[in-house]
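This report refers to the structure that appears directly beneath it.
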2 protein chains.
Amino acid sequence: MSQMSIAALQGDQRLPLYQRLADVLRAEILCGDRRPGDRLPSENVLARDYGIAPGTTRKALAELVEDGILERLQGRGTFVRRPSFDRSLFRFFRLRTKSGADVIPDSQIRSRTVRRMPSEIARKLAQPDACDGIRMVRMRLIDGVPILHEEIWLPLTPFAAFMELDLTEVGPLLYPIYDTCCDQIVARADELLTVDQAKGQPARLLELEAGAPLVCIERLACSLDGTPIEWRRSRGAAEHFQYQIEIR
Amino acid sequence: MSQMSIAALQGDQRLPLYQRLADVLRAEILCGDRRPGDRLPSENVLARDYGIAPGTTRKALAELVEDGILERLQGRGTFVRRPSFDRSLFRFFRLRTKSGADVIPDSQIRSRTVRRMPSEIARKLAQPDACDGIRMVRMRLIDGVPILHEEIWLPLTPFAAFMELDLTEVGPLLYPIYDTCCDQIVARADELLTVDQAKGQPARLLELEAGAPLVCIERLACSLDGTPIEWRRSRGAAEHFQYQIEIR
DNA sequence: CTTGTCTAGTTCTATATAGAACTTAAGAAG
DNA sequence: CTTCTTAAGTTCTATATAGAACTAGACAAG
């Protein structure tokens with residue numbers, strides 16, 4: 001009756017069982033089959049379903065917890081983790097004047113257009129050359145003072161729905177909106193920090209003289225499966241910023 | 001005969017066994033009782049010695065591997081990990097012109113003196129106010145071109161032997177020397193990156209005009225047990241640098 | 001309505017055991 | 001001397017099992 005089918009674990013037979021199970025579950029999560037917040041079957045149920053020992057399923061789940069894509073709560077269950085990420089990106093930024101208060105700056109989207117993507121940005125977003133994309137210019141302010149000038153590019157393919165959005169309803173955090181509106185979850189990012197000189201539109205909007213030192217942070221944000229999702233370049237007056245990090 | 005004594009696991013009895021064993025082993029490593037490269041007893045021997053099951057020792061060891069202070073090699077044994085760290089600090093730095101080649105710049109120590117420590121630095125090194133310390137000024141060059149100006153402070157207490165060292169024998173990496181000469185191992189560091197303007201000695205040694213944008217990186221390096229060991233401030237022409245990092 | 005008790009379900013800890021996979025060194029065979 | 005075999009010791013995988021610790025909900029008592 002309830003015997004159903006024992007799902008034989010696919011994949012390279014040379015790999016250990018727990019590894020193959022972890023791969024299966026990871027794939028189910030990455031492809032969106034299991035969504036953040038979903039609850040997984042208990043370790044005993046998984047063991048029964050796949051015909052392996054409970055200790056083996058336990059080891060597979062532990063690996064995914066270590067990866068940060070699962071969360072286990074004693075007595076409650078095992079859940080797909082919701083990557084709360086926008087916060088952690090601001091972990092490194094600090095305003096020099098303020099003490100380490102976790103302030104997320106206000107946001108003003110100045111423009112949102114579809115236009116030809118510069119080839120270098122298209123390349124980084126893994127898009128074909130000379131294709132269109134969504135471009136935004138956004139200012140970030142604290143107490144009304146412009147702090148950051150951001151240029152943001154999104155590929156059209158998963159983000160078409162973003163163009164329909166009412167911008168007045170967009171808060172200071174974009175990544176939750178990518179999730180709800182376009183089903184895209186930002187899981188990690190690469191940042192590259194350089195120092196530039198102010199000029200052109202950024203200098204004007206930041207109310208800086210041309211030639212003033214400018215911190216420039218290029219970020220490439222990627223989804224859970226590593227696909228590049230968003231490219232952005234943030235610039236701000238150098239004297240306002242510090243970038244803090246722990247190395248080990 | 002070889003029964004010897006079963007070492008009862010100390011510590012908070014409410015904590016699980018594997019946790020207490022992990023704490024014991026971690027403490028033995030942090031206090032220098034077990035040195036990097038040392039081999040630990042096998043999981044079966046540990047189990048016998050502490051009177052617990054092999055699976056429990058295994059879980060304790062796994063935690064320390066996760067921490068990065070142990071390394072296990074199948075068929076060989078379990079070893080205290082040697083923190084190869086100087087390399088990883090340069091992981092983030094890249095010269096803008098060169099491609100991502102892993103070049104460690106040459107080193108020229110310009111001065112090494114014992115003098116009164118500035119109070120702010122003494123505070124960060126957890127030293128009493130108005131005490132003496134070792135101060136070094138070091139230039140770092142690539143192809144003979146000065147790239148970085150470094151000011152380095154060491155507390156006298158563990159680093160007295162460093163003053164006896166022949167500077168001509170000091171290579172580009174200081175941390176291995178701290179280890180061999182003063183028994184101090186750098187395990188982690190906090191870095192704070194800001195942008196400054198060139199002036200004074202750094203500007204002169206870097207051959208920059210006053211007011212040129214300068215990247216300034218303050219680093220506080222700590223030993224395995226978290227004690228601050230070294231403070232340094234590195235400055236370099238902003239246009240030469242980029243700082244790369246992955247966030248997740 | 002509030003409080004306490006019980007129960008089923010979950011993860012966590014701990015034990016015991018067997019064999020696979022790998023490393024190293026010693027010794028045999030050529 | 002070189003190469004192969006063997007053996008001991010190690011970590012790694014996998015199974016099986018029992019109970020502790022915790023959660024959430026149902027139900028009873030007050």
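Note on naming: chains are A, B, ... as they come in the structure tokens, residues start from 1 per chain, ligands start from 1 in the order shown.
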| Excluding same-chain residues fewer than 4 positions from DG25 of chain D, what lies within 12 Å of it counting only C-alpha atoms (C1' of nucleotides), as a ChimeraX atom specification? | /C:6-9
Mind dumping the selected residues with C-alpha atoms (C1' of nucleotides) as a compact mmCIF listing (two decimals), in the first residue's frame?
# COMPACT_ATOMS: atom_id res chain seq x y z
C1' DC C 6 -0.43 14.49 27.61
C1' DT C 7 0.92 12.75 22.98
C1' DA C 8 2.92 12.47 18.54
C1' DG C 9 6.48 14.06 15.76
| task | Determine which residues of chain A sit within 6 Å of chain D, taking into account only C-alpha atoms (C1' of nucleotides), and present them as a list of chain:residue names. | result |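 For chain A, the answer reads A:Gln74, A:Gly75, A:Arg76.
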| message | According to DSSP computed on the backbone, where in segment 49-191 of chain A is there alpha helix (DSSP H)? Give the residues as JSON, numbers by chain. | response | {"A": [49, 50, 54, 55, 56, 57, 58, 59, 60, 61, 62, 63, 64, 65, 66, 67, 86, 87, 88, 89, 119, 120, 121, 122, 123, 124, 156, 157, 158, 159, 175, 176, 177, 178, 179, 180, 181, 182]}
Give me, as a CSV table (one decimal) with N, CA and C atoms (P, O5', C5', C4', C3', O3' and C1' of nucleotides), in the first residue's frame, the residues of chain C touching chain B, with the criterion being at most 12 Å (counting only C-alpha atoms (C1' of nucleotides)).
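Result went into iface-v8.csv, see below:
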chain,number,residue,atom,x,y,z
C,12,DC,P,19.2,19.0,14.5
C,12,DC,O5',19.5,18.2,15.9
C,12,DC,C5',19.3,18.9,17.1
C,12,DC,C4',19.8,18.1,18.3
C,12,DC,C3',21.3,17.6,18.2
C,12,DC,O3',22.0,18.0,19.3
C,12,DC,C1',19.8,15.8,18.7
C,13,DT,P,23.6,17.8,19.4
C,13,DT,O5',23.7,16.4,20.2
C,13,DT,C5',23.3,16.4,21.5
C,13,DT,C4',23.3,15.0,22.1
C,13,DT,C3',24.7,14.3,22.1
C,13,DT,O3',25.1,14.0,23.4
C,13,DT,C1',23.0,12.8,21.3
C,14,DA,P,26.6,13.7,23.7
C,14,DA,O5',26.6,12.1,23.5
C,14,DA,C5',25.8,11.3,24.4
C,14,DA,C4',25.8,9.9,23.9
C,14,DA,C3',27.1,9.3,23.4
C,14,DA,O3',27.6,8.5,24.5
C,14,DA,C1',25.3,8.6,22.0
C,15,DT,P,29.0,7.7,24.3
C,15,DT,O5',28.5,6.3,23.8
C,15,DT,C5',27.4,5.6,24.4
C,15,DT,C4',27.0,4.4,23.6
C,15,DT,C3',28.1,3.5,23.2
C,15,DT,O3',28.1,2.3,23.9
C,15,DT,C1',26.6,3.9,21.4
C,16,DA,P,29.4,1.3,23.8
C,16,DA,O5',29.1,0.4,22.5
C,16,DA,C5',27.8,-0.2,22.4
C,16,DA,C4',27.8,-0.9,21.1
C,16,DA,C3',29.1,-1.5,20.6
C,16,DA,O3',29.0,-2.9,20.4
C,16,DA,C1',28.1,-0.3,18.8
C,17,DT,P,30.3,-3.8,20.1
C,17,DT,O5',30.1,-4.0,18.5
C,17,DT,C5',28.9,-4.0,17.9
C,17,DT,C4',29.0,-4.0,16.4
C,17,DT,C3',30.3,-4.5,15.8
C,17,DT,O3',30.0,-5.6,14.9
C,17,DT,C1',29.7,-2.5,14.8
C,20,DA,P,34.5,-4.8,2.4
C,20,DA,O5',34.7,-3.3,1.9
C,20,DA,C5',33.5,-2.5,1.6
C,20,DA,C4',33.9,-1.1,1.3
C,20,DA,C3',35.1,-0.9,0.4
C,20,DA,O3',34.8,0.2,-0.5
C,20,DA,C1',35.6,0.1,2.4
C,21,DA,P,35.8,0.5,-1.7
C,21,DA,O5',36.8,1.6,-1.0
C,21,DA,C5',36.3,2.8,-0.6
C,21,DA,C4',37.4,3.7,-0.2
C,21,DA,C3',38.7,3.7,-1.1
C,21,DA,O3',39.1,5.0,-1.3
C,21,DA,C1',39.3,3.2,1.1
C,22,DC,P,40.2,5.3,-2.4
C,22,DC,O5',41.5,5.6,-1.5
C,22,DC,C5',41.4,6.6,-0.5
C,22,DC,C4',42.5,6.5,0.5
C,22,DC,C3',43.9,6.4,-0.1
C,22,DC,O3',44.5,7.6,0.2
C,22,DC,C1',43.6,4.9,1.8
C,23,DT,P,46.1,7.9,-0.3
C,23,DT,O5',46.9,7.4,1.0
C,23,DT,C5',46.8,8.1,2.2
C,23,DT,C4',47.8,7.6,3.2
C,23,DT,C3',49.2,7.6,2.6
C,23,DT,O3',50.1,8.3,3.6
C,23,DT,C1',48.7,5.5,3.6
C,24,DT,P,51.5,8.7,3.2
C,24,DT,O5',52.4,7.7,4.0
C,24,DT,C5',52.1,7.4,5.3
C,24,DT,C4',52.7,6.1,5.8
C,24,DT,C3',54.2,5.9,5.3
C,24,DT,O3',55.0,6.0,6.4
C,24,DT,C1',52.9,3.9,5.1
| request: Taking only C-alpha atoms into account, report as a ChimeraX atom specification which residues of chain A lie within 8 Å of chain B. | output: /A:85,88-89,187-196,213,215,238-239,241-248
Let me see the file: selected residues, N, CA and C atoms, as a tab-separated table (two decimals), in the first residue's frame.
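Just written: result-v7.tsv:
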chain	number	residue	atom	x	y	z
A	85	PHE	N	19.82	38.70	2.77
A	85	PHE	CA	21.11	38.95	2.17
A	85	PHE	C	21.39	40.43	2.09
A	88	SER	N	23.30	41.70	4.91
A	88	SER	CA	24.70	41.29	5.06
A	88	SER	C	25.60	42.05	4.10
A	89	LEU	N	25.03	42.57	3.01
A	89	LEU	CA	25.86	43.34	2.11
A	89	LEU	C	26.27	44.65	2.76
A	187	ALA	N	21.85	35.19	-3.81
A	187	ALA	CA	22.45	34.33	-2.78
A	187	ALA	C	23.88	34.73	-2.46
A	188	ARG	N	24.59	35.29	-3.42
A	188	ARG	CA	25.96	35.72	-3.16
A	188	ARG	C	26.33	36.82	-4.15
A	189	ALA	N	27.47	37.46	-3.90
A	189	ALA	CA	27.88	38.55	-4.76
A	189	ALA	C	29.39	38.69	-4.73
A	190	ASP	N	29.94	39.15	-5.83
A	190	ASP	CA	31.34	39.52	-5.88
A	190	ASP	C	31.42	41.03	-5.92
A	191	GLU	N	32.28	41.58	-5.08
A	191	GLU	CA	32.46	43.02	-5.10
A	191	GLU	C	33.90	43.38	-5.42
A	192	LEU	N	34.03	44.48	-6.14
A	192	LEU	CA	35.36	44.97	-6.51
A	192	LEU	C	35.40	46.44	-6.16
A	193	LEU	N	36.29	46.80	-5.28
A	193	LEU	CA	36.34	48.17	-4.79
A	193	LEU	C	37.55	48.90	-5.39
A	194	THR	N	37.30	50.03	-5.98
A	194	THR	CA	38.39	50.85	-6.51
A	194	THR	C	38.14	52.30	-6.13
A	195	VAL	N	39.13	53.12	-6.41
A	195	VAL	CA	39.00	54.55	-6.15
A	195	VAL	C	39.10	55.30	-7.46
A	196	ASP	N	38.19	56.22	-7.63
A	196	ASP	CA	38.03	56.91	-8.90
A	196	ASP	C	38.04	58.42	-8.66
A	213	PRO	N	37.98	62.59	-4.91
A	213	PRO	CA	38.14	61.13	-4.84
A	213	PRO	C	36.81	60.45	-4.58
A	215	VAL	N	34.84	56.62	-4.15
A	215	VAL	CA	34.90	55.17	-3.98
A	215	VAL	C	33.91	54.55	-4.95
A	238	ALA	N	34.65	59.57	-1.29
A	238	ALA	CA	35.57	58.67	-0.59
A	238	ALA	C	35.62	58.98	0.90
A	239	GLU	N	35.52	60.25	1.23
A	239	GLU	CA	35.72	60.61	2.63
A	239	GLU	C	34.61	60.08	3.53
A	241	PHE	N	33.36	57.01	3.42
A	241	PHE	CA	33.25	55.56	3.49
A	241	PHE	C	34.37	54.88	4.22
A	242	GLN	N	34.00	53.79	4.86
A	242	GLN	CA	35.01	52.82	5.22
A	242	GLN	C	34.46	51.44	4.98
A	243	TYR	N	35.35	50.53	4.71
A	243	TYR	CA	35.01	49.19	4.31
A	243	TYR	C	35.71	48.28	5.29
A	244	GLN	N	34.92	47.51	5.99
A	244	GLN	CA	35.49	46.73	7.08
A	244	GLN	C	35.31	45.25	6.82
A	245	ILE	N	36.31	44.48	7.13
A	245	ILE	CA	36.22	43.06	6.81
A	245	ILE	C	37.13	42.26	7.72
A	246	GLU	N	36.70	41.04	7.96
A	246	GLU	CA	37.51	40.12	8.75
A	246	GLU	C	38.08	39.04	7.85
A	247	ILE	N	39.34	38.78	8.04
A	247	ILE	CA	40.00	37.78	7.22
A	247	ILE	C	40.45	36.63	8.10
A	248	ARG	N	40.28	35.43	7.61
A	248	ARG	CA	40.82	34.29	8.37
A	248	ARG	C	41.23	33.18	7.44
Chain fit of chain A to chain B, all Cα atoms, as a tab-separated table (two decimals) with C-alpha atoms, in the first residue's frame:
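Listing of result-v3.tsv after writing:
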chain	number	residue	atom	x	y	z
A	1	MET	CA	48.55	-2.21	32.96
A	2	SER	CA	47.85	-0.03	30.01
A	3	GLN	CA	44.53	0.90	31.55
A	4	MET	CA	46.12	4.14	32.78
A	5	SER	CA	43.52	6.76	33.67
A	6	ILE	CA	40.40	7.57	31.76
A	7	ALA	CA	40.44	11.34	31.50
A	8	ALA	CA	36.98	12.45	32.54
A	9	LEU	CA	35.82	15.33	30.38
A	10	GLN	CA	35.72	18.53	32.34
A	11	GLY	CA	33.58	21.51	31.61
A	12	ASP	CA	29.90	22.29	31.89
A	13	GLN	CA	28.20	18.95	32.42
A	14	ARG	CA	25.15	20.21	30.54
A	15	LEU	CA	27.10	20.41	27.32
A	16	PRO	CA	27.16	17.33	25.11
A	17	LEU	CA	30.17	15.06	25.28
A	18	TYR	CA	31.45	15.78	21.79
A	19	GLN	CA	31.30	19.49	22.56
A	20	ARG	CA	33.33	19.12	25.71
A	21	LEU	CA	35.92	17.02	23.93
A	22	ALA	CA	36.16	19.59	21.14
A	23	ASP	CA	36.64	22.32	23.74
A	24	VAL	CA	39.42	20.37	25.45
A	25	LEU	CA	41.27	19.74	22.19
A	26	ARG	CA	40.78	23.31	21.02
A	27	ALA	CA	42.20	24.59	24.28
A	28	GLU	CA	45.20	22.29	24.00
A	29	ILE	CA	45.90	23.69	20.55
A	30	LEU	CA	45.31	27.33	21.41
A	31	CYS	CA	47.57	27.24	24.45
A	32	GLY	CA	50.34	25.81	22.31
A	33	ASP	CA	50.29	22.39	23.92
A	34	ARG	CA	49.76	20.89	20.47
A	35	ARG	CA	51.67	22.69	17.74
A	36	PRO	CA	50.82	23.10	14.06
A	37	GLY	CA	51.81	19.93	12.23
A	38	ASP	CA	51.41	17.74	15.30
A	39	ARG	CA	49.46	14.56	14.90
A	40	LEU	CA	46.58	13.83	17.22
A	41	PRO	CA	45.70	10.41	18.58
A	42	SER	CA	43.41	8.47	16.28
A	43	GLU	CA	39.69	8.64	16.86
A	44	ASN	CA	39.69	5.18	18.37
A	45	VAL	CA	42.48	6.01	20.79
A	46	LEU	CA	40.77	9.21	21.82
A	47	ALA	CA	37.57	7.27	22.39
A	48	ARG	CA	39.37	4.78	24.58
A	49	ASP	CA	41.26	7.47	26.50
A	50	TYR	CA	38.16	9.47	27.30
A	51	GLY	CA	35.84	6.51	27.68
A	52	ILE	CA	33.40	7.54	24.97
A	53	ALA	CA	32.21	6.06	21.70
A	54	PRO	CA	34.29	6.49	18.54
A	55	GLY	CA	31.39	8.22	16.79
A	56	THR	CA	31.42	10.86	19.49
A	57	THR	CA	35.12	11.63	19.12
A	58	ARG	CA	34.50	11.77	15.38
A	59	LYS	CA	31.92	14.47	15.78
A	60	ALA	CA	34.25	16.49	17.99
A	61	LEU	CA	37.06	16.25	15.46
A	62	ALA	CA	34.70	17.18	12.63
A	63	GLU	CA	33.83	20.40	14.45
A	64	LEU	CA	37.49	21.36	14.76
A	65	VAL	CA	38.04	20.59	11.09
A	66	GLU	CA	35.13	22.91	10.33
A	67	ASP	CA	36.81	25.54	12.49
A	68	GLY	CA	39.87	25.19	10.34
A	69	ILE	CA	42.26	24.30	13.15
A	70	LEU	CA	42.47	20.59	12.34
A	71	GLU	CA	43.05	18.67	9.16
A	72	ARG	CA	42.22	15.02	8.62
A	73	LEU	CA	43.84	12.86	5.96
A	74	GLN	CA	42.36	9.50	5.24
A	75	GLY	CA	44.81	6.75	6.02
A	76	ARG	CA	47.31	9.13	7.60
A	77	GLY	CA	45.84	10.78	10.64
A	78	THR	CA	44.56	14.00	12.18
A	79	PHE	CA	46.88	16.99	12.28
A	80	VAL	CA	46.92	20.47	13.74
A	81	ARG	CA	46.57	22.80	10.82
A	82	ARG	CA	49.30	25.24	9.90
A	83	PRO	CA	47.56	28.54	9.23
A	84	SER	CA	49.05	29.65	5.93
A	85	PHE	CA	47.74	33.09	6.11
A	86	ASP	CA	50.00	35.66	4.57
A	87	ARG	CA	48.94	34.47	1.17
A	88	SER	CA	45.24	34.75	1.90
A	89	LEU	CA	45.63	38.34	2.98
A	90	PHE	CA	46.81	39.20	-0.48
A	91	ARG	CA	43.88	37.42	-2.00
A	92	PHE	CA	41.93	40.67	-1.95
A	93	PHE	CA	44.59	42.99	-3.23
A	94	ARG	CA	45.20	43.24	-6.90
A	95	LEU	CA	47.23	45.60	-8.92
A	96	ARG	CA	45.03	47.17	-11.50
A	97	THR	CA	47.47	46.87	-14.34
A	98	LYS	CA	48.62	43.32	-13.85
A	99	SER	CA	46.22	40.50	-14.45
A	100	GLY	CA	45.32	38.51	-11.38
A	101	ALA	CA	48.82	37.18	-10.89
A	102	ASP	CA	49.62	36.29	-7.31
A	103	VAL	CA	52.60	38.54	-6.85
A	104	ILE	CA	53.85	39.24	-3.36
A	105	PRO	CA	55.67	42.58	-3.44
A	106	ASP	CA	59.26	42.94	-2.35
A	107	SER	CA	59.94	44.34	1.06
A	108	GLN	CA	62.32	47.00	2.39
A	109	ILE	CA	62.31	47.66	6.09
A	110	ARG	CA	63.35	51.30	6.45
A	111	SER	CA	63.41	51.51	10.23
A	112	ARG	CA	62.88	49.39	13.32
A	113	THR	CA	62.85	51.14	16.66
A	114	VAL	CA	61.47	50.81	20.15
A	115	ARG	CA	59.47	53.82	21.14
A	116	ARG	CA	56.41	55.03	22.96
A	117	MET	CA	53.25	53.60	21.44
A	118	PRO	CA	50.54	56.06	20.46
A	119	SER	CA	47.69	55.54	22.87
A	120	GLU	CA	45.17	54.65	20.20
A	121	ILE	CA	47.38	51.89	18.84
A	122	ALA	CA	48.19	50.69	22.34
A	123	ARG	CA	44.48	50.42	23.01
A	124	LYS	CA	43.91	48.33	19.91
A	125	LEU	CA	46.79	46.04	20.82
A	126	ALA	CA	45.35	45.68	24.33
A	127	GLN	CA	48.49	47.22	25.83
A	128	PRO	CA	48.61	49.60	28.79
A	129	ASP	CA	48.63	53.25	27.89
A	130	ALA	CA	51.99	54.98	27.48
A	131	CYS	CA	54.02	51.79	27.06
A	132	ASP	CA	56.77	51.05	24.60
A	133	GLY	CA	56.43	49.00	21.43
A	134	ILE	CA	58.29	48.07	18.27
A	135	ARG	CA	57.68	50.34	15.32
A	136	MET	CA	58.66	49.53	11.78
A	137	VAL	CA	58.39	51.44	8.55
A	138	ARG	CA	58.41	49.22	5.53
A	139	MET	CA	58.16	49.91	1.83
A	140	ARG	CA	56.77	47.36	-0.56
A	141	LEU	CA	57.88	47.47	-4.14
A	142	ILE	CA	57.08	45.74	-7.38
A	143	ASP	CA	59.78	45.87	-10.03
A	144	GLY	CA	61.52	48.46	-7.91
A	145	VAL	CA	58.56	50.82	-7.91
A	146	PRO	CA	57.28	51.77	-4.44
A	147	ILE	CA	53.68	50.63	-4.11
A	148	LEU	CA	52.90	50.53	-0.43
A	149	HIS	CA	54.07	52.39	2.65
A	150	GLU	CA	53.53	50.42	5.83
A	151	GLU	CA	53.72	51.41	9.45
A	152	ILE	CA	53.79	48.39	11.73
A	153	TRP	CA	53.55	48.18	15.52
A	154	LEU	CA	54.26	45.16	17.69
A	155	PRO	CA	53.87	44.84	21.45
A	156	LEU	CA	57.19	44.34	23.25
A	157	THR	CA	56.09	41.51	25.47
A	158	PRO	CA	56.02	38.62	23.01
A	159	PHE	CA	58.14	40.30	20.34
A	160	ALA	CA	61.31	41.34	22.17
A	161	ALA	CA	63.30	38.70	20.25
A	162	PHE	CA	62.26	40.35	17.01
A	163	MET	CA	64.58	43.29	17.72
A	164	GLU	CA	67.60	40.99	17.68
A	165	LEU	CA	66.86	39.73	14.19
A	166	ASP	CA	69.09	40.53	11.25
A	167	LEU	CA	66.86	42.54	8.96
A	168	THR	CA	68.73	41.50	5.84
A	169	GLU	CA	67.45	37.99	6.42
A	170	VAL	CA	63.83	39.07	6.65
A	171	GLY	CA	61.92	38.19	3.51
A	172	PRO	CA	58.75	39.75	2.18
A	173	LEU	CA	56.51	37.85	4.61
A	174	LEU	CA	56.55	38.81	8.26
A	175	TYR	CA	54.05	36.35	9.70
A	176	PRO	CA	56.21	33.24	9.28
A	177	ILE	CA	58.94	35.12	11.10
A	178	TYR	CA	56.64	36.01	13.95
A	179	ASP	CA	56.01	32.29	14.21
A	180	THR	CA	59.58	31.01	14.14
A	181	CYS	CA	61.16	33.86	16.06
A	182	CYS	CA	58.53	34.81	18.61
A	183	ASP	CA	56.19	31.84	18.68
A	184	GLN	CA	53.25	33.95	17.53
A	185	ILE	CA	50.84	32.64	14.93
A	186	VAL	CA	48.56	35.00	13.03
A	187	ALA	CA	45.21	33.32	12.53
A	188	ARG	CA	42.84	36.11	11.53
A	189	ALA	CA	42.72	39.84	10.95
A	190	ASP	CA	40.32	42.73	10.79
A	191	GLU	CA	40.84	45.21	8.02
A	192	LEU	CA	39.42	48.69	7.64
A	193	LEU	CA	39.77	50.37	4.29
A	194	THR	CA	39.48	54.12	3.87
A	195	VAL	CA	40.60	56.75	1.40
A	196	ASP	CA	42.97	59.46	2.46
A	197	GLN	CA	45.10	62.21	1.01
A	198	ALA	CA	48.84	61.90	0.61
A	199	LYS	CA	51.05	63.95	2.87
A	200	GLY	CA	54.23	63.79	4.95
A	201	GLN	CA	56.56	60.79	4.96
A	202	PRO	CA	54.25	58.35	3.17
A	203	ALA	CA	53.72	60.79	0.32
A	204	ARG	CA	57.46	61.39	0.02
A	205	LEU	CA	58.41	57.73	0.05
A	206	LEU	CA	55.69	56.84	-2.41
A	207	GLU	CA	56.80	59.73	-4.64
A	208	LEU	CA	53.34	61.28	-4.69
A	209	GLU	CA	52.21	64.87	-4.66
A	210	ALA	CA	50.52	66.09	-1.50
A	211	GLY	CA	46.77	65.70	-1.79
A	212	ALA	CA	46.83	62.73	-4.14
A	213	PRO	CA	44.19	60.13	-3.22
A	214	LEU	CA	45.60	57.42	-1.03
A	215	VAL	CA	44.14	54.06	-0.08
A	216	CYS	CA	44.67	53.35	3.58
A	217	ILE	CA	44.21	49.93	5.09
A	218	GLU	CA	44.41	49.45	8.81
A	219	ARG	CA	44.84	45.88	9.89
A	220	LEU	CA	44.70	44.34	13.32
A	221	ALA	CA	46.10	40.81	13.22
A	222	CYS	CA	45.19	38.36	15.96
A	223	SER	CA	46.48	35.02	17.16
A	224	LEU	CA	44.48	31.83	17.38
A	225	ASP	CA	43.03	32.72	20.75
A	226	GLY	CA	42.05	36.20	19.59
A	227	THR	CA	44.83	38.19	21.23
A	228	PRO	CA	45.79	41.17	19.07
A	229	ILE	CA	49.36	40.72	17.89
A	230	GLU	CA	50.17	43.28	15.27
A	231	TRP	CA	48.76	46.57	14.11
A	232	ARG	CA	49.67	47.95	10.73
A	233	ARG	CA	48.61	50.69	8.42
A	234	SER	CA	49.36	50.31	4.73
A	235	ARG	CA	49.02	53.18	2.30
A	236	GLY	CA	49.30	53.20	-1.42
A	237	ALA	CA	48.35	55.33	-4.37
A	238	ALA	CA	44.64	54.87	-4.91
A	239	GLU	CA	44.90	54.47	-8.64
A	240	HIS	CA	46.96	51.31	-8.29
A	241	PHE	CA	44.60	49.38	-6.13
A	242	GLN	CA	41.53	47.34	-6.26
A	243	TYR	CA	39.99	45.36	-3.49
A	244	GLN	CA	38.01	42.33	-4.43
A	245	ILE	CA	35.71	40.30	-2.26
A	246	GLU	CA	32.93	37.79	-2.38
A	247	ILE	CA	29.91	38.20	-0.20
A	248	ARG	CA	27.41	35.54	0.70
